[in-house]
$ cat coords03.txt   # compact mmCIF, C-alpha atoms
# COMPACT_ATOMS: atom_id res chain seq x y z
CA MET A 1 119.77 -82.52 -5.06
CA ALA A 2 116.35 -82.37 -6.71
CA GLY A 3 113.60 -83.44 -4.37
CA PHE A 4 115.61 -83.00 -1.18
CA GLY A 5 114.14 -79.57 -0.55
CA ALA A 6 110.67 -80.89 -1.23
CA ARG A 7 111.21 -83.61 1.35
CA LEU A 8 112.40 -81.05 3.88
CA ARG A 9 109.36 -78.89 3.24
CA ARG A 10 107.11 -81.77 4.09
CA THR A 11 108.78 -81.87 7.53
CA ILE A 12 108.44 -78.17 8.30
CA VAL A 13 108.22 -77.66 12.02
CA LEU A 14 105.60 -75.42 13.49
CA LEU A 15 107.47 -75.01 16.76
CA LEU A 16 104.74 -73.79 19.03
CA ALA A 17 101.59 -71.77 18.92
CA THR A 18 102.77 -69.06 21.26
CA LEU A 19 99.70 -67.03 21.86
CA LEU A 20 95.99 -67.67 22.27
CA ALA A 21 93.89 -64.56 22.31
CA THR A 22 90.30 -63.47 22.11
CA THR A 23 89.92 -60.81 19.47
CA SER A 24 86.87 -58.63 19.16
CA LEU A 25 86.17 -56.55 16.07
CA ALA A 26 82.91 -55.08 14.85
CA GLY A 27 80.97 -57.02 17.47
CA CYS A 28 82.52 -60.41 16.60
CA SER A 29 84.65 -62.43 19.00
CA GLU A 30 86.48 -65.71 18.74
CA THR A 31 89.38 -67.50 20.35
CA LYS A 32 92.18 -68.12 17.92
CA VAL A 33 95.86 -68.91 17.48
CA THR A 34 97.41 -65.57 16.60
CA SER A 35 101.10 -66.43 16.51
CA ALA A 36 103.31 -69.40 15.77
CA GLU A 37 106.99 -69.83 14.96
CA LEU A 38 107.81 -71.47 11.64
CA SER A 39 111.20 -72.98 10.72
CA LEU A 40 112.01 -73.41 7.03
CA PRO A 41 115.29 -74.89 5.70
CA VAL A 42 117.30 -72.62 3.39
CA ILE A 43 120.22 -73.89 1.29
CA ASP A 44 123.20 -71.77 0.28
CA GLY A 45 122.48 -69.68 -2.78
CA SER A 46 121.02 -66.46 -4.07
CA VAL A 47 117.63 -64.77 -3.72
CA LEU A 48 115.60 -64.17 -6.88
CA ALA A 49 112.40 -62.12 -6.96
CA LEU A 50 110.19 -62.36 -10.07
CA LEU A 51 107.65 -59.56 -9.87
CA ASP A 52 104.70 -58.29 -11.90
CA PRO A 53 105.44 -54.77 -13.27
CA GLY A 54 101.73 -54.26 -13.95
CA ALA A 55 100.53 -54.97 -10.41
CA GLU A 56 98.12 -52.35 -9.11
CA ARG A 57 99.46 -49.91 -6.54
CA PRO A 58 98.36 -46.54 -5.19
CA PRO A 59 99.49 -43.41 -7.04
CA GLY A 60 102.65 -41.92 -5.62
CA THR A 61 104.08 -45.22 -4.36
CA THR A 62 107.18 -47.08 -5.49
CA SER A 63 106.64 -50.39 -7.30
CA LEU A 64 107.17 -53.56 -5.31
CA ALA A 65 110.27 -54.20 -7.43
CA GLY A 66 111.78 -50.83 -6.60
CA ALA A 67 110.89 -51.08 -2.92
CA LEU A 68 112.21 -54.63 -2.60
CA ALA A 69 115.47 -53.81 -4.41
CA ALA A 70 116.04 -51.07 -1.84
CA ALA A 71 115.02 -53.18 1.15
CA LEU A 72 116.93 -56.31 0.04
CA PRO A 73 119.91 -55.09 -2.01
CA ALA A 74 121.61 -58.49 -2.20
CA ALA A 75 118.64 -60.02 -4.03
CA GLU A 76 118.18 -60.12 -7.80
CA VAL A 77 114.89 -58.38 -8.45
CA VAL A 78 113.43 -58.91 -11.92
CA GLU A 79 110.20 -57.57 -13.37
CA THR A 80 108.76 -60.20 -15.71
CA PRO A 81 106.28 -58.51 -18.08
CA THR A 82 104.57 -61.69 -19.32
CA HIS A 83 103.38 -64.94 -17.79
CA ASP A 84 105.49 -66.97 -20.21
CA GLU A 85 108.68 -65.17 -19.21
CA GLN A 86 107.87 -65.57 -15.53
CA ASP A 87 107.07 -69.24 -16.01
CA ALA A 88 110.41 -69.84 -17.75
CA ARG A 89 112.38 -67.98 -15.07
CA VAL A 90 110.69 -69.98 -12.30
CA ARG A 91 111.58 -73.27 -13.98
CA ALA A 92 115.20 -72.21 -14.53
CA ALA A 93 115.80 -70.73 -11.08
CA ALA A 94 117.14 -73.85 -9.34
CA ASP A 95 119.77 -74.45 -12.03
CA ALA A 96 120.88 -70.82 -11.59
CA GLY A 97 121.76 -71.44 -7.93
CA VAL A 98 118.73 -69.76 -6.40
CA ALA A 99 118.04 -70.65 -2.76
CA ILE A 100 114.95 -68.48 -2.15
CA LEU A 101 112.54 -67.80 -4.99
CA LEU A 102 110.00 -65.00 -4.57
CA VAL A 103 107.15 -64.92 -7.09
CA GLN A 104 104.43 -62.32 -7.58
CA ALA A 105 102.27 -64.17 -10.08
CA ILE A 106 101.24 -62.37 -13.26
CA ASP A 107 98.64 -65.06 -13.88
CA ALA A 108 97.58 -66.64 -10.59
CA GLU A 109 95.56 -69.32 -12.38
CA ARG A 110 98.41 -70.54 -14.64
CA ILE A 111 101.54 -70.23 -12.50
CA GLY A 112 100.79 -73.40 -10.53
CA SER A 113 102.58 -75.87 -12.83
CA ALA A 114 105.82 -73.86 -12.75
CA LEU A 115 105.65 -73.61 -8.96
CA SER A 116 105.10 -77.37 -8.77
CA ALA A 117 108.30 -77.89 -10.76
CA ALA A 118 110.15 -75.48 -8.46
CA ALA A 119 108.86 -77.35 -5.40
CA LYS A 120 110.68 -80.51 -6.53
CA THR A 121 114.02 -78.74 -6.05
CA ASP A 122 115.82 -77.51 -2.95
CA MET A 123 114.63 -73.93 -3.40
CA LEU A 124 112.38 -72.25 -0.90
CA VAL A 125 109.38 -71.06 -2.90
CA VAL A 126 107.61 -67.96 -1.57
CA ALA A 127 104.55 -66.39 -3.20
CA VAL A 128 104.33 -62.64 -2.59
CA GLY A 129 101.46 -60.24 -3.08
CA VAL A 130 99.28 -62.62 -5.13
CA ILE A 131 97.91 -65.96 -3.94
CA PRO A 132 98.34 -68.57 -6.71
CA HIS A 133 95.18 -70.58 -7.33
CA ASP A 134 97.22 -73.76 -6.93
CA PHE A 135 99.24 -72.83 -3.85
CA GLY A 136 100.06 -76.35 -2.67
CA SER A 137 103.63 -76.07 -3.95
CA ILE A 138 104.61 -72.87 -2.18
CA ASP A 139 106.37 -72.91 1.20
CA LEU A 140 105.16 -69.52 2.38
CA PHE A 141 102.92 -66.65 1.34
CA ILE A 142 103.73 -63.02 2.17
CA GLY A 143 100.99 -60.57 1.26
CA TRP A 144 98.04 -58.48 2.32
CA ASP A 145 95.55 -59.67 4.92
CA GLU A 146 92.45 -59.06 2.83
CA PHE A 147 90.16 -60.75 5.37
CA SER A 148 91.08 -58.03 7.85
CA ALA A 149 90.30 -55.41 5.21
CA GLY A 150 86.70 -56.64 5.02
CA GLU A 151 86.45 -56.64 8.81
CA GLN A 152 87.74 -53.07 8.99
CA GLU A 153 85.22 -51.85 6.41
CA VAL A 154 82.22 -53.23 8.24
CA ALA A 155 83.50 -51.87 11.56
CA ALA A 156 83.85 -48.41 9.98
CA PHE A 157 80.35 -48.58 8.51
CA ALA A 158 78.85 -49.66 11.84
CA ARG A 159 80.50 -46.74 13.60
CA ALA A 160 79.36 -44.28 10.95
CA VAL A 161 75.67 -45.27 10.83
CA GLY A 162 75.33 -45.92 14.55
CA ILE A 163 73.99 -49.23 15.78
CA GLU A 164 70.53 -48.96 17.32
CA GLU A 165 68.75 -51.85 18.97
CA GLY A 166 65.45 -52.58 17.27
CA ARG A 167 66.41 -50.75 14.08
CA THR A 168 67.99 -52.36 11.00
CA LYS A 169 70.48 -50.61 8.74
CA TYR A 170 71.09 -52.00 5.25
CA LEU A 171 74.40 -52.74 3.56
CA GLU A 172 75.17 -54.35 0.19
CA LEU A 173 78.45 -55.79 -1.06
CA LEU A 174 79.91 -55.59 -4.55
CA ALA A 175 82.92 -57.90 -4.39
CA GLY A 176 85.81 -57.98 -6.85
CA ASP A 177 86.47 -60.31 -9.75
CA GLU A 178 85.40 -63.92 -9.21
CA SER A 179 88.94 -65.18 -9.93
CA ASP A 180 90.56 -62.82 -7.39
CA LEU A 181 91.34 -64.78 -4.22
CA GLY A 182 92.17 -61.56 -2.39
CA ALA A 183 88.74 -60.13 -3.20
CA ARG A 184 87.17 -63.38 -2.00
CA ALA A 185 89.00 -63.12 1.35
CA ARG A 186 87.96 -59.47 1.73
CA PHE A 187 84.33 -60.42 1.08
CA HIS A 188 84.40 -63.19 3.68
CA GLY A 189 86.05 -60.85 6.18
CA ALA A 190 83.14 -58.45 5.74
CA LEU A 191 80.60 -61.25 6.22
CA PHE A 192 82.41 -62.45 9.35
CA ALA A 193 82.27 -58.95 10.84
CA LEU A 194 78.59 -58.65 9.87
CA LYS A 195 77.59 -61.89 11.58
CA ALA A 196 77.02 -60.54 15.09
CA PHE A 197 75.11 -57.54 13.75
CA THR A 198 72.86 -59.65 11.54
CA GLU A 199 72.10 -61.93 14.49
CA GLN A 200 71.11 -58.84 16.49
CA GLY A 201 69.04 -57.56 13.57
CA THR A 202 70.93 -54.26 13.47
CA LEU A 203 72.66 -54.72 10.09
CA SER A 204 71.37 -56.67 7.11
CA VAL A 205 72.29 -57.54 3.53
CA LYS A 206 68.65 -57.35 2.46
CA SER A 207 69.24 -58.68 -1.05
CA GLY A 208 70.55 -61.96 0.33
CA ARG A 209 73.65 -61.70 -1.87
CA THR A 210 75.91 -63.22 0.78
CA SER A 211 77.87 -65.66 -1.36
CA PHE A 212 80.95 -64.44 -3.18
CA GLU A 213 79.70 -65.85 -6.47
CA THR A 214 76.53 -63.73 -6.36
CA ALA A 215 78.35 -60.58 -5.19
CA ALA A 216 81.40 -60.79 -7.49
CA VAL A 217 81.78 -58.15 -10.22
CA ASP A 218 84.62 -57.24 -12.54
CA PRO A 219 85.91 -53.94 -11.05
CA GLY A 220 86.66 -52.64 -14.54
CA ASP A 221 83.20 -53.38 -15.92
CA VAL A 222 81.19 -50.41 -14.68
CA ALA A 223 78.19 -51.33 -16.85
CA ALA A 224 77.93 -54.81 -15.31
CA ALA A 225 78.32 -53.45 -11.78
CA ARG A 226 75.67 -50.81 -12.52
CA LYS A 227 73.26 -53.45 -13.81
CA ALA A 228 73.77 -55.66 -10.74
CA LEU A 229 73.30 -52.85 -8.23
CA GLY A 230 70.47 -51.29 -10.24
CA THR A 231 68.56 -54.57 -10.06
CA THR A 232 69.20 -54.72 -6.32
CA TYR A 233 67.81 -51.22 -5.85
CA ALA A 234 64.72 -51.97 -7.93
CA VAL A 235 63.90 -55.37 -6.44
CA THR A 236 65.11 -55.07 -2.84
CA TYR A 237 64.89 -51.38 -1.91
CA PRO A 238 61.66 -49.95 -3.27
CA ARG A 239 60.62 -48.96 0.29
CA HIS A 240 63.75 -49.29 2.43
CA GLU A 241 66.82 -47.07 2.36
CA LEU A 242 70.16 -48.59 1.40
CA GLN A 243 72.65 -47.01 3.79
CA GLY A 244 75.96 -48.51 2.64
CA VAL A 245 77.74 -50.29 -0.22
CA ILE A 246 81.14 -51.97 -0.16
CA ILE A 247 82.76 -51.54 -3.58
CA PRO A 248 85.94 -53.08 -5.04
CA THR A 249 87.38 -49.85 -6.47
CA ASP A 250 87.07 -46.09 -6.00
CA ASP A 251 86.09 -45.81 -9.67
CA LEU A 252 82.63 -47.27 -8.96
CA ALA A 253 81.69 -44.56 -6.44
CA PRO A 254 80.07 -42.13 -8.95
CA MET A 255 77.99 -44.95 -10.42
CA VAL A 256 76.58 -45.91 -7.01
CA ARG A 257 75.60 -42.31 -6.26
CA GLU A 258 73.91 -41.97 -9.66
CA LEU A 259 71.85 -45.10 -9.03
CA ALA A 260 70.81 -43.89 -5.59
CA ASP A 261 69.61 -40.63 -7.13
CA GLU A 262 67.71 -42.46 -9.87
CA HIS A 263 65.89 -44.44 -7.17
CA ASP A 264 65.16 -41.32 -5.08
CA GLN A 265 67.43 -42.40 -2.26
CA PRO A 266 70.20 -40.60 -0.38
CA ALA A 267 73.72 -41.53 -1.47
CA PRO A 268 74.85 -44.52 0.61
CA LEU A 269 78.08 -44.61 2.58
CA LEU A 270 80.79 -46.16 0.42
CA MET A 271 83.70 -48.36 1.54
CA SER A 272 86.22 -48.95 -1.26
CA SER A 273 89.23 -51.20 -1.69
CA GLY A 274 91.92 -49.38 -3.67
CA ALA A 275 93.12 -45.85 -2.87
CA SER A 276 93.26 -43.58 -5.93
CA ALA A 277 93.58 -39.84 -6.49
CA ALA A 278 89.86 -39.59 -7.27
CA GLY A 279 89.05 -41.69 -4.21
CA ILE A 280 91.09 -39.53 -1.82
CA THR A 281 89.44 -36.43 -3.27
CA GLU A 282 86.02 -37.98 -2.63
CA LEU A 283 87.13 -39.08 0.83
CA MET A 284 88.01 -35.53 1.81
CA ALA A 285 84.76 -34.23 0.25
CA GLY A 286 82.75 -36.68 2.33
CA THR A 287 81.33 -38.67 -0.60
CA LEU A 288 83.45 -41.74 0.22
CA LEU A 289 83.62 -43.10 3.77
CA THR A 290 86.78 -45.23 3.53
CA THR A 291 89.28 -46.67 1.11
CA MET A 292 92.17 -49.13 1.52
CA TYR A 293 95.84 -48.18 1.20
CA ARG A 294 98.38 -50.84 0.29
CA ASP A 295 101.86 -49.34 0.07
CA PRO A 296 104.26 -51.72 -1.73
CA ALA A 297 107.10 -50.40 0.45
CA THR A 298 105.34 -51.80 3.53
CA LEU A 299 105.04 -55.21 1.89
CA ALA A 300 108.64 -55.08 0.66
CA GLY A 301 109.85 -54.42 4.18
CA ARG A 302 107.97 -57.45 5.47
CA ILE A 303 109.40 -59.62 2.68
CA ALA A 304 112.95 -58.40 3.31
CA ASP A 305 112.68 -59.04 7.05
CA ALA A 306 111.40 -62.59 6.44
CA VAL A 307 114.13 -63.42 3.90
CA THR A 308 116.86 -62.11 6.21
CA THR A 309 115.47 -64.09 9.13
CA LEU A 310 115.26 -67.33 7.14
CA GLN A 311 118.76 -66.90 5.73
CA ALA A 312 120.03 -66.59 9.30
CA GLY A 313 118.44 -69.94 10.13
CA ASP A 314 115.90 -68.39 12.48
CA PRO A 315 112.14 -69.07 12.56
CA VAL A 316 109.64 -66.54 11.26
CA THR A 317 106.41 -65.70 13.05
CA VAL A 318 103.21 -66.56 11.21
CA ASN A 319 99.49 -66.34 11.99
CA PRO A 320 97.77 -69.70 11.35
CA GLN A 321 94.31 -68.22 11.84
CA GLY A 322 95.05 -65.47 9.33
CA SER A 323 96.18 -68.08 6.80
CA ARG A 324 92.95 -70.03 7.17
CA ARG A 325 90.79 -66.91 6.95
CA ASN A 326 92.50 -65.81 3.74
CA ARG A 327 91.69 -69.19 2.21
CA LEU A 328 95.27 -70.51 2.44
CA LYS A 329 94.04 -73.42 4.54
CA ARG A 330 97.11 -74.86 6.29
CA LYS A 331 99.68 -73.00 4.19
CA PRO A 332 101.78 -70.65 6.38
CA ALA A 333 101.58 -66.94 5.68
CA LEU A 334 102.98 -63.60 6.81
CA LEU A 335 100.09 -61.19 6.40
CA VAL A 336 100.12 -57.39 6.40
CA PRO A 337 96.78 -55.64 7.10
CA PRO A 338 95.94 -52.93 4.54
CA VAL A 339 95.44 -49.50 6.10
CA LEU A 340 91.86 -48.24 6.28
CA VAL A 341 91.91 -44.59 5.21
CA SER A 342 89.20 -42.16 6.24
CA ALA A 343 88.95 -38.38 6.15
CA ASP A 344 90.13 -38.35 9.78
CA ASN A 345 93.43 -40.19 9.24
CA ALA A 346 94.17 -39.55 5.55
CA ALA A 347 96.68 -36.76 6.17
CA ALA A 348 98.70 -38.91 8.57
CA VAL A 349 98.53 -42.13 6.54
CA LEU A 350 99.44 -40.44 3.25
CA ALA A 351 101.93 -37.89 4.61
CA ASP A 352 104.86 -39.41 2.66
CA ASN A 353 102.95 -39.92 -0.60
CA PRO A 354 103.87 -37.08 -3.00
CA GLU A 355 100.76 -37.49 -5.15
CA LEU A 356 98.07 -38.23 -2.57
CA ALA A 357 99.22 -36.16 0.41
CA PRO A 358 98.40 -32.79 -1.26
CA LEU A 359 94.83 -34.00 -1.83
CA THR A 360 94.29 -34.33 1.91
CA LYS A 361 94.94 -30.60 2.33
CA ALA A 362 92.66 -29.35 -0.43
$ encode --input "coords03.txt" --output "structure tokens"
Amino acid sequence: MAGFGARLRRTIVLLLATLLATTSLAGCSETKVTSAELSLPVIDGSVLALLDPGAERPPGTTSLAGALAAALPAAEVVETPTHDEQDARVRAAADAGVAILLVQAIDAERIGSALSAAAKTDMLVVAVGVIPHDFGSIDLFIGWDEFSAGEQEVAAFARAVGIEEGRTKYLELLAGDESDLGARARFHGALFALKAFTEQGTLSVKSGRTSFETAAVDPGDVAAARKALGTTYAVTYPRHELQGVIIPTDDLAPMVRELADEHDQPAPLLMSSGASAAGITELMAGTLLTTMYRDPATLAGRIADAVTTLQAGDPVTVNPQGSRRNRLKRKPALLVPPVLVSADNAAAVLADNPELAPLTKA
């Protein structure tokens, strides 16, 4: 049967783009396809999920493996601690009678060859949570809509600083790691939301660091991030005030405030990507404007719904525009927007989180 599934995947039917809508966010509007039905053939067999036990998640949340095992009890959910083990399990899945293979890549840059081998079988190959760098062999991606995260951050900043005609407010972006496709999508979402404001002259990235390559920093390398932003302060803001910085992790917030103080500037508004205990504490204290909350249980529910729908022979609903924006080109995707958390909504968003909810009441 090898190759039959691959042939079927090449004849996937996008039934009909069902909705055209004009969406406006942060001053940006465009007409886009927001919904389409996608039919994917599924053979008889089991569901196997190979997940990364080390994937980042907010404190107080269940791992994607635990959440998916609860949401999809008939599936075999396996945490593969190394790339080599995951690679081997992917290659052996078809011979084990797997019909739907779910893979959260441990190494997004190296998993491509194993996925290519899986694509030559009848299995449906679904990447979850992490976009593989070579995603041509996957049939579907289910993960976070990082482009929308960037849009939400700029919208929140614009509301906070107040947009005034004839007056420019300044924002800088520290993106995530250069190899992180999710961070790249988030960065481009922020730039898209900024476009209308920059054309009006009301918001500006004064440093000109508007390519991902120039804005990318390793979130774990505080010294490198400090050097990059310190140079920006010294060269670009000797006379102007920097009002906001988008950062890839809550952990960089203290460093940004220290640099602002060293350059005799007020602390800028900070929009961060990954909710942490320290970040929620800062959020409630007013030293962090927003952070992003990605609950694995939310993603697991979306994955379980899609698998159940496909097993029933029914089409799933995808967003072609969202796929393109998140750099998946024409590859279909089910995308879940991360939740923007601010001091105003933190208590409601985190109400069921045993570790973070108490911090919203401090």
$ residues_around --input "coords03.txt" --residues "Arg209 of chain A" --least-positions-apart "5" --cutoff "9 Å" --atoms "only C-alpha atoms" --output "list in words"
Glu172, Leu173, Thr214 and Ala215 of chain A
$ residues_around --input "coords03.txt" --residues "His263 of chain A" --least-positions-apart "4" --cutoff "12 Å" --atoms "all atoms listed in the file" --output "VMD selection string"
chain A and resid 229 to 242 256 to 259 267 to 268
$ closest_atom_pairs --input "coords03.txt" --of "segment 90-171 of chain A" --to "segment 269-293 of chain A" --cutoff "10 Å" --atoms "all atoms listed in the file" --output "tab-separated table"
residue	atom	partner	partner_atom	distance
A:Glu146	CA	A:Ser273	CA	9.6
A:Ala149	CA	A:Met292	CA	7.5
A:Gly150	CA	A:Ser273	CA	9.0
A:Gln152	CA	A:Met292	CA	9.5
A:Glu153	CA	A:Met271	CA	6.2
A:Val154	CA	A:Met271	CA	8.4
A:Ala156	CA	A:Thr290	CA	7.8
A:Phe157	CA	A:Leu269	CA	7.5
A:Ala160	CA	A:Leu289	CA	8.4
A:Val161	CA	A:Leu269	CA	8.6
A:Leu171	CA	A:Leu269	CA	9.0
$ atom_distance --input "coords03.txt" --atom1 "atom CA of Gly322 of chain A" --atom2 "atom CA of Leu340 of chain A"
17.8 Å
$ residues_around --input "coords03.txt" --residues "Val307 of chain A" --least-positions-apart "5" --cutoff "9 Å" --atoms "all atoms listed in the file" --output "list in words"
Val47, Leu72, Ile100, Arg302 and Ala312 of chain A
$ atom_distance --input "coords03.txt" --atom1 "atom CA of Ala92 of chain A" --atom2 "atom CA of Gly182 of chain A"
28.1 Å
$ closest_residue --input "coords03.txt" --among "A:Leu181, A:Ala65, A:Ala74, A:Met123" --to "Val90 of chain A" --atoms "only C-alpha atoms"
A:Met123
$ closest_residue --input "coords03.txt" --among "A:Leu299, A:Ala260, A:Ala306, A:Ala253" --to "Arg57 of chain A" --atoms "all atoms listed in the file"
A:Leu299
$ closest_residue --input "coords03.txt" --among "A:Leu328, A:Ala304, A:Leu48, A:Val128" --to "Val316 of chain A" --atoms "all atoms listed in the file"
A:Ala304
$ atom_distance --input "coords03.txt" --atom1 "atom CA of Asn353 of chain A" --atom2 "atom CA of Ala300 of chain A"
16.2 Å
$ closest_residue --input "coords03.txt" --among "A:Pro332, A:Gly176, A:Pro254, A:Pro358" --to "Val126 of chain A" --atoms "all atoms listed in the file"
A:Pro332
$ residues_around --input "coords03.txt" --residues "Asp107 of chain A" --least-positions-apart "2" --cutoff "12 Å" --atoms "all atoms listed in the file" --output "list of chain:residue names"
A:Leu51, A:Asp52, A:Gly54, A:Ala55, A:Thr80, A:Pro81, A:Thr82, A:His83, A:Asp84, A:Glu85, A:Gln86, A:Asp87, A:Val103, A:Gln104, A:Ala105, A:Glu109, A:Arg110, A:Ile111, A:Gly112, A:Ser113, A:Ala114, A:Val130, A:Ile131, A:Pro132, A:His133, A:Asp134, A:Ser179, A:Asp180
$ closest_atom_pairs --input "coords03.txt" --of "segment 176-246 of chain A" --to "segment 163-169 of chain A" --cutoff "12 Å" --atoms "only C-alpha atoms" --output "JSON lines"
{"residue": "A:Leu194", "atom": "CA", "partner": "A:Lys169", "partner_atom": "CA", "distance": 11.5}
{"residue": "A:Ala196", "atom": "CA", "partner": "A:Ile163", "partner_atom": "CA", "distance": 11.7}
{"residue": "A:Phe197", "atom": "CA", "partner": "A:Ile163", "partner_atom": "CA", "distance": 8.6}
{"residue": "A:Thr198", "atom": "CA", "partner": "A:Thr168", "partner_atom": "CA", "distance": 8.8}
{"residue": "A:Glu199", "atom": "CA", "partner": "A:Thr168", "partner_atom": "CA", "distance": 11.0}
{"residue": "A:Gln200", "atom": "CA", "partner": "A:Glu165", "partner_atom": "CA", "distance": 7.8}
{"residue": "A:Gly201", "atom": "CA", "partner": "A:Thr168", "partner_atom": "CA", "distance": 5.9}
{"residue": "A:Thr202", "atom": "CA", "partner": "A:Thr168", "partner_atom": "CA", "distance": 4.3}
{"residue": "A:Leu203", "atom": "CA", "partner": "A:Lys169", "partner_atom": "CA", "distance": 4.8}
{"residue": "A:Ser204", "atom": "CA", "partner": "A:Lys169", "partner_atom": "CA", "distance": 6.3}
{"residue": "A:Val205", "atom": "CA", "partner": "A:Lys169", "partner_atom": "CA", "distance": 8.9}
{"residue": "A:Lys206", "atom": "CA", "partner": "A:Lys169", "partner_atom": "CA", "distance": 9.4}
{"residue": "A:His240", "atom": "CA", "partner": "A:Lys169", "partner_atom": "CA", "distance": 9.3}
{"residue": "A:Glu241", "atom": "CA", "partner": "A:Lys169", "partner_atom": "CA", "distance": 8.2}
{"residue": "A:Leu242", "atom": "CA", "partner": "A:Lys169", "partner_atom": "CA", "distance": 7.6}
{"residue": "A:Gln243", "atom": "CA", "partner": "A:Lys169", "partner_atom": "CA", "distance": 6.5}
{"residue": "A:Gly244", "atom": "CA", "partner": "A:Lys169", "partner_atom": "CA", "distance": 8.5}
{"residue": "A:Val245", "atom": "CA", "partner": "A:Lys169", "partner_atom": "CA", "distance": 11.5}
$ closest_residue --input "coords03.txt" --among "A:Ala343, A:Ile138, A:Ala96, A:Leu101" --to "Ile303 of chain A" --atoms "all atoms listed in the file"
A:Leu101
$ residues_near_point --input "coords03.txt" --point "(91.4, -35.4, 5.2)" --cutoff "7 Å" --atoms "only C-alpha atoms" --output "list in words"
Met284, Ala343, Asp344, Asn345, Ala346, Ala347, Thr360 and Lys361 of chain A
$ closest_residue --input "coords03.txt" --among "A:Ala93, A:Leu335, A:Val341, A:Ile246" --to "Ser148 of chain A" --atoms "all atoms listed in the file"
A:Leu335
$ residues_around --input "coords03.txt" --residues "Asp139 of chain A" --least-positions-apart "5" --cutoff "9 Å" --atoms "all atoms listed in the file" --output "number ranges by chain"
A: 9, 40, 119, 124-127, 331-333
